[in-house]
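Participant: Coordinates in my_file09.cif, mmCIF, C-alpha atoms, are listed below.
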data_start
#
loop_
_atom_site.label_atom_id
_atom_site.label_comp_id
_atom_site.auth_asym_id
_atom_site.auth_seq_id
_atom_site.Cartn_x
_atom_site.Cartn_y
_atom_site.Cartn_z
CA MET A 1 -115.62 -49.40 -60.33
CA LEU A 2 -116.39 -53.08 -59.83
CA PHE A 3 -118.16 -52.77 -56.46
CA SER A 4 -120.18 -49.95 -54.94
CA PRO A 5 -119.48 -48.80 -51.35
CA ALA A 6 -122.48 -50.84 -50.16
CA GLU A 7 -121.11 -53.96 -51.86
CA TRP A 8 -117.64 -53.44 -50.41
CA ALA A 9 -119.26 -53.04 -46.99
CA ALA A 10 -121.15 -56.32 -47.45
CA ILE A 11 -117.97 -58.15 -48.47
CA HIS A 12 -116.13 -56.63 -45.51
CA ASN A 13 -118.93 -57.61 -43.12
CA SER A 14 -118.97 -61.19 -44.41
CA LEU A 15 -115.21 -61.60 -43.97
CA ILE A 16 -115.21 -60.04 -40.49
CA VAL A 17 -118.15 -62.20 -39.40
CA GLY A 18 -116.33 -65.30 -40.66
CA ILE A 19 -113.20 -64.41 -38.70
CA TYR A 20 -115.15 -63.71 -35.52
CA VAL A 21 -117.09 -66.96 -35.89
CA VAL A 22 -113.88 -68.98 -36.08
CA LEU A 23 -112.26 -67.18 -33.13
CA VAL A 24 -115.33 -67.45 -30.88
CA SER A 25 -116.33 -71.00 -31.85
CA LEU A 26 -112.91 -72.65 -31.83
CA PRO A 27 -112.38 -73.18 -28.05
CA PRO A 28 -115.79 -74.82 -27.37
CA ALA A 29 -115.59 -76.76 -30.64
CA VAL A 30 -112.18 -78.19 -29.73
CA TYR A 31 -113.46 -79.16 -26.28
CA LEU A 32 -116.63 -80.79 -27.60
CA GLY A 33 -114.80 -82.47 -30.47
CA TYR A 34 -112.34 -84.03 -28.05
CA VAL A 35 -115.01 -85.11 -25.56
CA LEU A 36 -117.19 -86.69 -28.26
CA ALA A 37 -114.20 -88.45 -29.81
CA ARG A 38 -112.69 -89.81 -26.61
CA HIS A 39 -115.39 -90.26 -23.97
CA GLN A 40 -118.55 -92.29 -23.51
CA PHE A 41 -121.19 -91.00 -21.08
CA PRO A 42 -124.95 -91.51 -20.63
CA ALA A 43 -126.03 -88.18 -22.12
CA LYS A 44 -123.66 -88.30 -25.10
CA TRP A 45 -126.51 -88.86 -27.54
CA LEU A 46 -128.25 -85.75 -26.21
CA VAL A 47 -125.10 -83.65 -26.58
CA GLU A 48 -124.70 -84.88 -30.16
CA ILE A 49 -128.30 -83.96 -30.94
CA MET A 50 -127.88 -80.48 -29.49
CA VAL A 51 -124.63 -79.91 -31.38
CA ASN A 52 -126.00 -81.09 -34.73
CA LEU A 53 -129.55 -79.75 -34.43
CA ALA A 54 -128.78 -76.65 -36.49
CA LEU A 55 -127.80 -78.87 -39.43
CA VAL A 56 -131.31 -80.28 -39.81
CA LEU A 57 -133.51 -77.42 -38.58
CA PRO A 58 -134.60 -74.90 -41.21
CA PRO A 59 -132.26 -71.92 -40.79
CA VAL A 60 -135.17 -69.51 -40.38
CA VAL A 61 -136.43 -71.62 -37.46
CA THR A 62 -132.99 -71.44 -35.86
CA GLY A 63 -133.01 -67.68 -36.43
CA TYR A 64 -136.46 -67.35 -34.91
CA LEU A 65 -135.39 -69.29 -31.81
CA LEU A 66 -132.31 -67.09 -31.49
CA LEU A 67 -134.48 -64.01 -31.83
CA GLN A 68 -136.69 -65.22 -28.98
CA VAL A 69 -133.58 -65.58 -26.81
CA PHE A 70 -131.89 -62.29 -27.71
CA LYS A 71 -134.74 -59.93 -28.56
CA PRO A 72 -135.00 -56.74 -26.48
CA GLY A 73 -136.41 -57.28 -23.02
CA THR A 74 -135.48 -60.92 -22.54
CA PRO A 75 -133.35 -61.92 -19.52
CA VAL A 76 -130.41 -62.72 -21.80
CA ASP A 77 -130.69 -59.34 -23.51
CA GLN A 78 -130.86 -57.51 -20.20
CA CYS A 79 -127.77 -59.31 -18.93
CA LEU A 80 -125.82 -58.49 -22.09
CA ARG A 81 -126.85 -54.84 -21.93
CA HIS A 82 -125.02 -54.57 -18.61
CA VAL A 83 -121.80 -55.06 -20.61
CA ASN A 84 -123.08 -52.85 -23.45
CA ILE A 85 -123.76 -55.68 -25.90
CA LYS A 86 -126.87 -55.73 -28.09
CA VAL A 87 -127.48 -58.80 -30.25
CA ALA A 88 -130.86 -58.55 -31.98
CA PHE A 89 -130.64 -56.44 -35.17
CA GLU A 90 -127.02 -55.48 -34.39
CA PHE A 91 -123.64 -56.69 -35.64
CA PRO A 92 -123.16 -59.28 -32.83
CA GLY A 93 -126.34 -60.92 -34.13
CA LEU A 94 -124.56 -61.60 -37.43
CA VAL A 95 -121.78 -63.41 -35.59
CA ILE A 96 -124.11 -65.41 -33.35
CA ALA A 97 -126.40 -66.50 -36.19
CA ALA A 98 -123.48 -67.53 -38.41
CA GLY A 99 -121.70 -69.16 -35.47
CA VAL A 100 -124.68 -71.30 -34.50
CA MET A 101 -125.15 -72.47 -38.08
CA SER A 102 -121.47 -73.28 -38.67
CA PHE A 103 -120.67 -74.76 -35.25
CA PRO A 104 -121.79 -78.33 -36.09
CA LEU A 105 -119.48 -78.45 -39.11
CA MET A 106 -116.54 -77.28 -37.03
CA VAL A 107 -117.21 -79.83 -34.27
CA ARG A 108 -117.59 -82.69 -36.77
CA ALA A 109 -114.28 -81.94 -38.47
CA ILE A 110 -112.45 -81.54 -35.16
CA ARG A 111 -113.99 -84.71 -33.80
CA LEU A 112 -112.75 -86.65 -36.81
CA GLY A 113 -109.33 -85.10 -36.26
CA PHE A 114 -109.16 -86.39 -32.69
CA GLN A 115 -110.50 -89.79 -33.71
CA SER A 116 -107.57 -90.13 -36.11
CA VAL A 117 -105.11 -89.81 -33.19
CA ASP A 118 -103.95 -93.14 -31.77
CA PRO A 119 -105.21 -93.27 -28.15
CA GLN A 120 -102.16 -95.35 -27.20
CA LEU A 121 -99.97 -92.30 -27.71
CA GLU A 122 -102.01 -90.41 -25.14
CA THR A 123 -101.92 -93.39 -22.77
CA ALA A 124 -98.14 -93.62 -23.13
CA ALA A 125 -97.75 -89.94 -22.30
CA ARG A 126 -99.95 -90.31 -19.22
CA THR A 127 -97.97 -93.38 -18.15
CA LEU A 128 -94.76 -91.37 -18.35
CA GLY A 129 -96.21 -88.83 -15.92
CA ALA A 130 -97.75 -86.21 -18.19
CA GLY A 131 -100.96 -84.67 -16.90
CA TRP A 132 -104.16 -84.42 -18.91
CA LEU A 133 -103.54 -80.85 -20.05
CA THR A 134 -99.92 -81.57 -20.98
CA THR A 135 -100.98 -84.65 -22.95
CA PHE A 136 -103.74 -82.75 -24.68
CA PHE A 137 -101.60 -79.77 -25.74
CA THR A 138 -98.46 -81.74 -26.65
CA ILE A 139 -99.91 -84.94 -28.13
CA SER A 140 -103.64 -84.84 -28.91
CA LEU A 141 -104.10 -81.33 -30.27
CA PRO A 142 -100.94 -81.21 -32.45
CA LEU A 143 -101.77 -84.58 -34.03
CA ALA A 144 -105.38 -83.49 -34.63
CA ARG A 145 -104.36 -80.12 -36.10
CA THR A 146 -105.48 -81.08 -39.63
CA GLY A 147 -109.02 -81.69 -38.40
CA VAL A 148 -108.94 -78.50 -36.35
CA MET A 149 -107.81 -76.41 -39.29
CA ALA A 150 -110.34 -78.07 -41.60
CA GLY A 151 -113.06 -77.27 -39.07
CA CYS A 152 -112.01 -73.63 -39.00
CA VAL A 153 -112.08 -73.42 -42.79
CA LEU A 154 -115.50 -75.08 -43.03
CA ALA A 155 -116.94 -72.81 -40.33
CA PHE A 156 -115.54 -69.74 -42.08
CA ALA A 157 -116.98 -70.85 -45.43
CA ARG A 158 -120.37 -71.68 -43.90
CA SER A 159 -120.55 -68.31 -42.17
CA LEU A 160 -119.91 -66.54 -45.48
CA GLY A 161 -123.03 -68.10 -46.94
CA GLU A 162 -125.28 -67.86 -43.91
CA PHE A 163 -128.64 -66.25 -44.68
CA GLY A 164 -131.67 -67.90 -43.09
CA ALA A 165 -130.84 -67.43 -39.40
CA THR A 166 -129.17 -64.08 -40.05
CA VAL A 167 -132.16 -62.58 -41.83
CA MET A 168 -134.27 -63.34 -38.75
CA LEU A 169 -131.84 -62.10 -36.10
CA ALA A 170 -129.85 -59.23 -37.59
CA SER A 171 -131.14 -58.02 -40.95
CA GLN A 172 -132.93 -54.82 -40.01
CA ARG A 173 -130.04 -52.37 -40.39
CA GLU A 174 -128.41 -51.63 -43.73
CA ALA A 175 -124.99 -51.46 -42.08
CA ASN A 176 -125.35 -55.12 -41.04
CA ARG A 177 -125.73 -56.51 -44.55
CA THR A 178 -123.49 -59.38 -45.56
CA ILE A 179 -123.10 -60.73 -49.12
CA PRO A 180 -126.18 -63.02 -48.91
CA LEU A 181 -128.31 -60.30 -47.31
CA LEU A 182 -127.31 -57.74 -49.94
CA ILE A 183 -128.03 -60.18 -52.78
CA TYR A 184 -131.46 -60.81 -51.28
CA THR A 185 -132.07 -57.05 -51.16
CA LEU A 186 -130.88 -56.47 -54.73
CA LYS A 187 -133.07 -59.17 -56.24
CA ASP A 188 -136.17 -57.11 -55.37
CA ARG A 189 -134.91 -54.20 -57.49
CA SER A 190 -135.07 -54.52 -61.26
CA GLU A 191 -132.04 -52.23 -61.63
CA GLY A 192 -130.17 -54.22 -58.99
CA LEU A 193 -130.23 -57.60 -60.72
CA PRO A 194 -127.02 -56.99 -62.76
CA ASP A 195 -125.20 -56.04 -59.54
CA ILE A 196 -125.81 -59.53 -58.16
CA TRP A 197 -123.35 -61.17 -60.58
CA PRO A 198 -120.14 -59.69 -59.08
CA LEU A 199 -121.31 -60.58 -55.56
CA ALA A 200 -122.24 -64.09 -56.70
CA ALA A 201 -118.79 -64.42 -58.28
CA VAL A 202 -117.11 -63.37 -55.03
CA SER A 203 -119.20 -65.90 -53.13
CA LEU A 204 -118.27 -68.66 -55.57
CA VAL A 205 -114.56 -67.85 -55.38
CA LEU A 206 -114.51 -67.71 -51.58
CA ALA A 207 -116.54 -70.91 -51.22
CA ALA A 208 -114.45 -72.80 -53.78
CA ALA A 209 -111.20 -71.65 -52.15
CA ALA A 210 -112.41 -72.72 -48.69
CA LEU A 211 -113.50 -76.14 -49.96
CA ALA A 212 -110.20 -76.61 -51.78
CA VAL A 213 -108.25 -75.82 -48.62
CA SER A 214 -110.46 -78.15 -46.58
CA GLU A 215 -110.02 -80.97 -49.13
CA TYR A 216 -106.24 -80.43 -49.15
CA MET A 217 -106.11 -80.63 -45.35
CA GLU A 218 -108.21 -83.79 -45.34
CA ARG A 219 -105.90 -85.43 -47.88
CA GLN A 220 -102.87 -84.41 -45.84
CA GLY A 221 -104.43 -85.96 -42.75
CA LEU A 222 -105.18 -89.22 -44.57
CA ARG A 223 -101.67 -89.30 -45.98
CA ARG A 224 -100.17 -88.82 -42.51
CA GLU A 225 -102.35 -91.63 -41.11
CA SER A 226 -101.23 -94.04 -43.84
CA ASN A 227 -97.52 -93.36 -43.17
#
Output the file's structure as structure tokens, nothing else.
Facilitator:
Amino acid sequence: MLFSPAEWAAIHNSLIVGIYVVLVSLPPAVYLGYVLARHQFPAKWLVEIMVNLALVLPPVVTGYLLLQVFKPGTPVDQCLRHVNIKVAFEFPGLVIAAGVMSFPLMVRAIRLGFQSVDPQLETAARTLGAGWLTTFFTISLPLARTGVMAGCVLAFARSLGEFGATVMLASQREANRTIPLLIYTLKDRSEGLPDIWPLAAVSLVLAAAALAVSEYMERQGLRRESN
């Protein structure tokens, strides 16, 4: 048997976390990507810093800050418990940690997608009587779909490899282990070192496939712009 039940569980957790990250992050990422691509406002620099901060902060620092927000007893934790949601050291913590770390990549890709759309097309639609929402969903978003899809792929790939913030926020329970967390656990066991290779291979395959898809989408977008 190639993988043990614990390893299959880690692979399953990683894939499910990646899917949840994309689904939860996509709406705000599309909104922010469009706003940053199309609008100028006084606090834009501050918004950009907040969006991209996770890219430059050490992941463990990001995880520590998230832990201070979601740890038991905080106002945020108490509010979430009213709807039966626990974040710290639970499965939702995996999604939040991975989502925060991958969100900047998603927003950057989507922003580039919107920047590749000719603003005159949107202006023409508005001139012909289309409202903002109609213009956005019929002109802007379809033409920026390559950037949106590339952002989803990058966020999914980044969430698969997330470790630093996750180990701080959600690593206490064995059932919450993802591929990186399980590899980190196995490296402390002399008999577990050989088991790392299959997990490393899975990580390499998933990461390479995601990057290949992202590169293909980027090339398709450039090709469409040149036509």
Participant: Report as a ChimeraX atom specification all protein, DNA and RNA residues lying within 10 Å of Trp8 in chain A, evaluated on all atoms listed in the file, omitting residues in the same chain fewer than 6 positions from it.
Facilitator: /A:2,14,178-179,199
Participant: Which one of A:Ile110, A:Val56, A:Val87, A:Val47 sits closest to Lys71 in chain A if you count all atoms listed in the file?
Facilitator: A:Val87
Participant: Could you tell me which residues the PyMOL selection byres ((chain A and resi 195) around 12) grabs in this file, written as a ChimeraX atom specification?
Facilitator: /A:1-4,6-7,179,182-194,196-202
Participant: Which residues fall under the PyMOL selection byres ((chain A and resi 207-217) around 12) in this file, as a short mmCIF file (atom, residue, chain, number, x, y, z; two decimals) with C-alpha atoms, keeping the file's coordinate frame?
Facilitator:
data_model
loop_
_atom_site.label_atom_id
_atom_site.label_comp_id
_atom_site.auth_asym_id
_atom_site.auth_seq_id
_atom_site.Cartn_x
_atom_site.Cartn_y
_atom_site.Cartn_z
CA LEU A 15 -115.21 -61.60 -43.97
CA GLY A 18 -116.33 -65.30 -40.66
CA LEU A 105 -119.48 -78.45 -39.11
CA MET A 106 -116.54 -77.28 -37.03
CA ALA A 109 -114.28 -81.94 -38.47
CA GLY A 113 -109.33 -85.10 -36.26
CA ALA A 144 -105.38 -83.49 -34.63
CA ARG A 145 -104.36 -80.12 -36.10
CA THR A 146 -105.48 -81.08 -39.63
CA GLY A 147 -109.02 -81.69 -38.40
CA VAL A 148 -108.94 -78.50 -36.35
CA MET A 149 -107.81 -76.41 -39.29
CA ALA A 150 -110.34 -78.07 -41.60
CA GLY A 151 -113.06 -77.27 -39.07
CA CYS A 152 -112.01 -73.63 -39.00
CA VAL A 153 -112.08 -73.42 -42.79
CA LEU A 154 -115.50 -75.08 -43.03
CA ALA A 155 -116.94 -72.81 -40.33
CA PHE A 156 -115.54 -69.74 -42.08
CA ALA A 157 -116.98 -70.85 -45.43
CA ARG A 158 -120.37 -71.68 -43.90
CA SER A 159 -120.55 -68.31 -42.17
CA LEU A 160 -119.91 -66.54 -45.48
CA GLY A 161 -123.03 -68.10 -46.94
CA GLU A 162 -125.28 -67.86 -43.91
CA ALA A 200 -122.24 -64.09 -56.70
CA ALA A 201 -118.79 -64.42 -58.28
CA VAL A 202 -117.11 -63.37 -55.03
CA SER A 203 -119.20 -65.90 -53.13
CA LEU A 204 -118.27 -68.66 -55.57
CA VAL A 205 -114.56 -67.85 -55.38
CA LEU A 206 -114.51 -67.71 -51.58
CA GLU A 218 -108.21 -83.79 -45.34
CA ARG A 219 -105.90 -85.43 -47.88
CA GLN A 220 -102.87 -84.41 -45.84
CA GLY A 221 -104.43 -85.96 -42.75
CA LEU A 222 -105.18 -89.22 -44.57
CA ARG A 223 -101.67 -89.30 -45.98
CA ARG A 224 -100.17 -88.82 -42.51
#
Participant: Rank A:Leu32, A:Ile139, A:Phe114, A:Ala165 by their smallest atom-to-atom distance to Leu65 in chain A, using only C-alpha atoms, and report the top residue only.
Facilitator: A:Ala165
Participant: Name the residues that the PyMOL selection byres ((chain A and resi 25) around 9) pulls out of this structure, and write them as a list in words.
Facilitator: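 Applying the expression gives Tyr20, Val21, Val22, Leu23, Val24, Leu26, Pro27, Pro28, Ala29, Val30, Gly99, Val100, Ser102, Phe103, Met106, Cys152 and Ala155 of chain A.
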Participant: Go ahead and save the picked residues with C-alpha atoms, as an mmCIF file, in the frame of the given file.
Facilitator:
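Result written to selection.cif:
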data_model
loop_
_atom_site.group_PDB
_atom_site.id
_atom_site.type_symbol
_atom_site.label_atom_id
_atom_site.label_comp_id
_atom_site.auth_asym_id
_atom_site.auth_seq_id
_atom_site.Cartn_x
_atom_site.Cartn_y
_atom_site.Cartn_z
ATOM 1 C CA TYR A 20 -115.150 -63.710 -35.520
ATOM 2 C CA VAL A 21 -117.090 -66.960 -35.890
ATOM 3 C CA VAL A 22 -113.880 -68.980 -36.080
ATOM 4 C CA LEU A 23 -112.260 -67.180 -33.130
ATOM 5 C CA VAL A 24 -115.330 -67.450 -30.880
ATOM 6 C CA LEU A 26 -112.910 -72.650 -31.830
ATOM 7 C CA PRO A 27 -112.380 -73.180 -28.050
ATOM 8 C CA PRO A 28 -115.790 -74.820 -27.370
ATOM 9 C CA ALA A 29 -115.590 -76.760 -30.640
ATOM 10 C CA VAL A 30 -112.180 -78.190 -29.730
ATOM 11 C CA GLY A 99 -121.700 -69.160 -35.470
ATOM 12 C CA VAL A 100 -124.680 -71.300 -34.500
ATOM 13 C CA SER A 102 -121.470 -73.280 -38.670
ATOM 14 C CA PHE A 103 -120.670 -74.760 -35.250
ATOM 15 C CA MET A 106 -116.540 -77.280 -37.030
ATOM 16 C CA CYS A 152 -112.010 -73.630 -39.000
ATOM 17 C CA ALA A 155 -116.940 -72.810 -40.330
#
Participant: May I have the residues at most 10 Å from (-132.8, -71.9, -36.8) in the file's coordinates, counting all atoms listed in the file, as a list in words?
Facilitator: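 In the file's frame, the residues around the point are Leu53, Ala54, Leu55, Val56, Leu57, Pro58, Pro59, Val60, Val61, Thr62, Gly63, Tyr64, Leu65, Leu66, Leu67, Ala97, Val100, Met101, Gly164, Ala165, Thr166, Met168 and Leu169 of chain A.
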Participant: Enter the distance from CA of Pro142 in chain A to CA of Arg108 in chain A, in Å, rounded to one decimal.
Facilitator: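 Distance reported for this atom pair: 17.3 Å.
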Participant: Select, from A:Arg126, A:Arg111, A:His12, A:Arg38, the residue with the minimum atom-to-atom distance to Asn176 in chain A, counting only C-alpha atoms.
Facilitator: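 Among A:Arg126, A:Arg111, A:His12, A:Arg38, it is A:His12 that comes nearest to Asn176 in chain A.
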Participant: CA of Ile11 in chain A and CA of Leu94 in chain A, how far apart in Å?
Facilitator: 13.3 Å
Participant: Go through A:Val17, A:Ala88, A:Leu112, A:Leu80 and flag the residue nearest Val35 in chain A, using only C-alpha atoms for the distances.
Facilitator: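 Closest to Val35 in chain A, using only C-alpha atoms: A:Leu112.
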Participant: Box time for range 24-36 of chain A: axis-aligned, enclosing all its listed atoms, 8 Å extra on each side; report centre and edge lengths in Å to one decimal, as AutoDock Vina command-line options.
Facilitator:
--center_x -114.7 --center_y -77.1 --center_z -28.7 --size_x 21.0 --size_y 35.2 --size_z 22.3
